[in-house]
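To start, the structure itself, in structure tokens.
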Amino acid sequence: MSRDRIPVTNAIRVLREHGVAWTDHTYEYEERGGTAVSARELRVPEQVCVKTLIMEDDAKRPMIVLMHGDREVSTKNLARFLAVKSVAPCTPAVADRHSGYQVGGTSPFGTRRAMPVYMERTIAELPRIYVNGGRRGYLVGLAPADLIRVLSPVLVEVATEG
């Protein structure tokens with residue numbers, strides 16, 4: 001994606017609709033590079049690059065999980081919190097269907113399907129975060145308070161070392 005072409009995605013439409021102030025950050029997407037690549041390209045700590053993960057419980061109910069880029073989700077702890085048997089990441093095809101975005105470009109804003117959102121509690125303590133803006137190679141920077149205001153996530157403590 002060209003650095004001077006800023007996409008207008010469903011995520012951007014939602015941010016505009018809610019009056020959120022954000023900054024645009026494009027970078028050269030690398031397949032399977034994840035937040036390590038985006039943090040390197042934006043020159044920010046990986047901790048502030050927030051992953052948008054589409055997961056599902058044992059009854060195939062989808063959910064969005066927001067996690068620090070340098071951490072993983074303890075699916076056992078999340079399942080325990082939700083009082084379900086198990087939680088697992090969706091396959092890329094299923095995640096794409098639920099979110100309306102392509103894996104690697106999944107934003108928590110403007111998903112095709114309304115899903116509950118769970119966010120690692122310590123993300124709320126950061127001064128600024130970077131989440132996917134709805135395309136591969138495109139992040140938006142914003143205050144965690146704005147994300148919380150728009151998405152009303154349930155705060156959880158399910159992080160493990162990445």
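Letters A, B, ... mark the chains of the structure tokens in the order given; residue numbers begin at 1 per chain; ligand numbers begin at 1, in order shown.
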For segment 4-84 of chain A against segment 96-119 of chain A, with a cut-off of 9 Å and counting only C-alpha atoms, what is the closest atom pair and its distance in Å to one decimal for every residue that makes the cut, ordered by chain and number, as a Markdown table?
```
| residue | atom | partner | partner_atom | distance |
| --- | --- | --- | --- | --- |
| A:Thr9 | CA | A:Gly110 | CA | 8.3 |
| A:Asn10 | CA | A:Gly110 | CA | 4.9 |
| A:Ala11 | CA | A:Phe109 | CA | 4.6 |
| A:Ile12 | CA | A:Phe109 | CA | 7.8 |
| A:Arg13 | CA | A:Gly110 | CA | 7.6 |
| A:Val14 | CA | A:Gly110 | CA | 5.9 |
| A:Leu15 | CA | A:Phe109 | CA | 7.6 |
| A:Tyr29 | CA | A:Gly104 | CA | 8.6 |
| A:Glu31 | CA | A:Gly104 | CA | 7.9 |
| A:Arg32 | CA | A:Gly104 | CA | 7.9 |
| A:Gly33 | CA | A:Gly104 | CA | 9.0 |
| A:Gly34 | CA | A:Gly104 | CA | 7.4 |
| A:Lys51 | CA | A:Thr106 | CA | 8.7 |
| A:Thr52 | CA | A:Pro108 | CA | 6.1 |
| A:Leu53 | CA | A:Thr106 | CA | 7.8 |
| A:Ile54 | CA | A:Ser99 | CA | 7.7 |
| A:Arg61 | CA | A:Met115 | CA | 8.6 |
| A:Pro62 | CA | A:Met115 | CA | 6.4 |
| A:Met63 | CA | A:Met115 | CA | 5.1 |
| A:Ile64 | CA | A:Val117 | CA | 4.7 |
| A:Val65 | CA | A:Tyr118 | CA | 4.8 |
| A:Leu66 | CA | A:Met119 | CA | 4.6 |
| A:Met67 | CA | A:Met119 | CA | 6.4 |
```
query = Which residues in segment 7-156 of chain A does DSSP call helix (DSSP H, G or I)? List them as a ChimeraX atom specification.
reply = /A:10-17,34-42,46-48,75-82,92-99,121-125,144-151
### Task
List the neighbours of Arg149 of chain A out to 10 Å using only C-alpha atoms; skip same-chain residues closer than 4 positions along the sequence, and give me the result as a list in words.
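Here the qualifying residues turn out to be His18, Val20, Pro144, Ala145 and Pro153 of chain A.
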Compile the contact shell of Leu42 of chain A as a ChimeraX atom specification: residues with an atom at most 8 Å away, counting only C-alpha atoms, same-chain residues fewer than 4 positions apart removed. /A:25,27,38
Which residue out of A:Glu120, A:Glu157, A:Asp146, A:Asp70 has the minimum interatomic distance to Val37 of chain A when only C-alpha atoms are used?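 Residue with the minimum atom-to-atom distance to Val37 of chain A: A:Asp70.
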*Which of these, A:Ala59, A:Ala159, A:Ala88, A:Leu142, has the shortest distance to Pro127 of chain A once you count only C-alpha atoms?*
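Closest to Pro127 of chain A of all the choices is A:Leu142.
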Discussion item. Could you list, as a VMD selection string, every residue within 8 Å of Tyr130 of chain A, counting only C-alpha atoms and ignoring same-chain residues fewer than 2 positions away?
Written reply: chain A and resid 48 to 50 128 132 139 to 142
With distances taken over only C-alpha atoms, which residue among A:Val84, A:Val8, A:Ile148, A:Ile123 lies nearest Lys60 of chain A?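 Selected residue with least distance to Lys60 of chain A: A:Val84.
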In Å and to one decimal, atom CA of Gly137 of chain A is distant from atom CA of Ala95 of chain A by 18.0 Å
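Among A:Val94, A:Val158, A:Ala143, A:Met55, the residue with the shortest atom-to-atom distance to Val131 of chain A, counting only C-alpha atoms, is A:Ala143.
Between atom CA of Glu28 of chain A and atom CA of Glu161 of chain A the interatomic distance comes to 26.3 Å.
Shortest separation to Glu41 of chain A among A:Leu126, A:Tyr138, A:Ile6, A:Pro92 occurs at residue A:Tyr138, atoms counted being only C-alpha atoms.
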Smallest atom-to-atom distance to Ser86 of chain A: which of A:Thr26, A:Thr160, A:Leu151, A:Glu56, using only C-alpha atoms?
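Between A:Thr26, A:Thr160, A:Leu151, A:Glu56, the residue approaching Ser86 of chain A most closely is A:Glu56.
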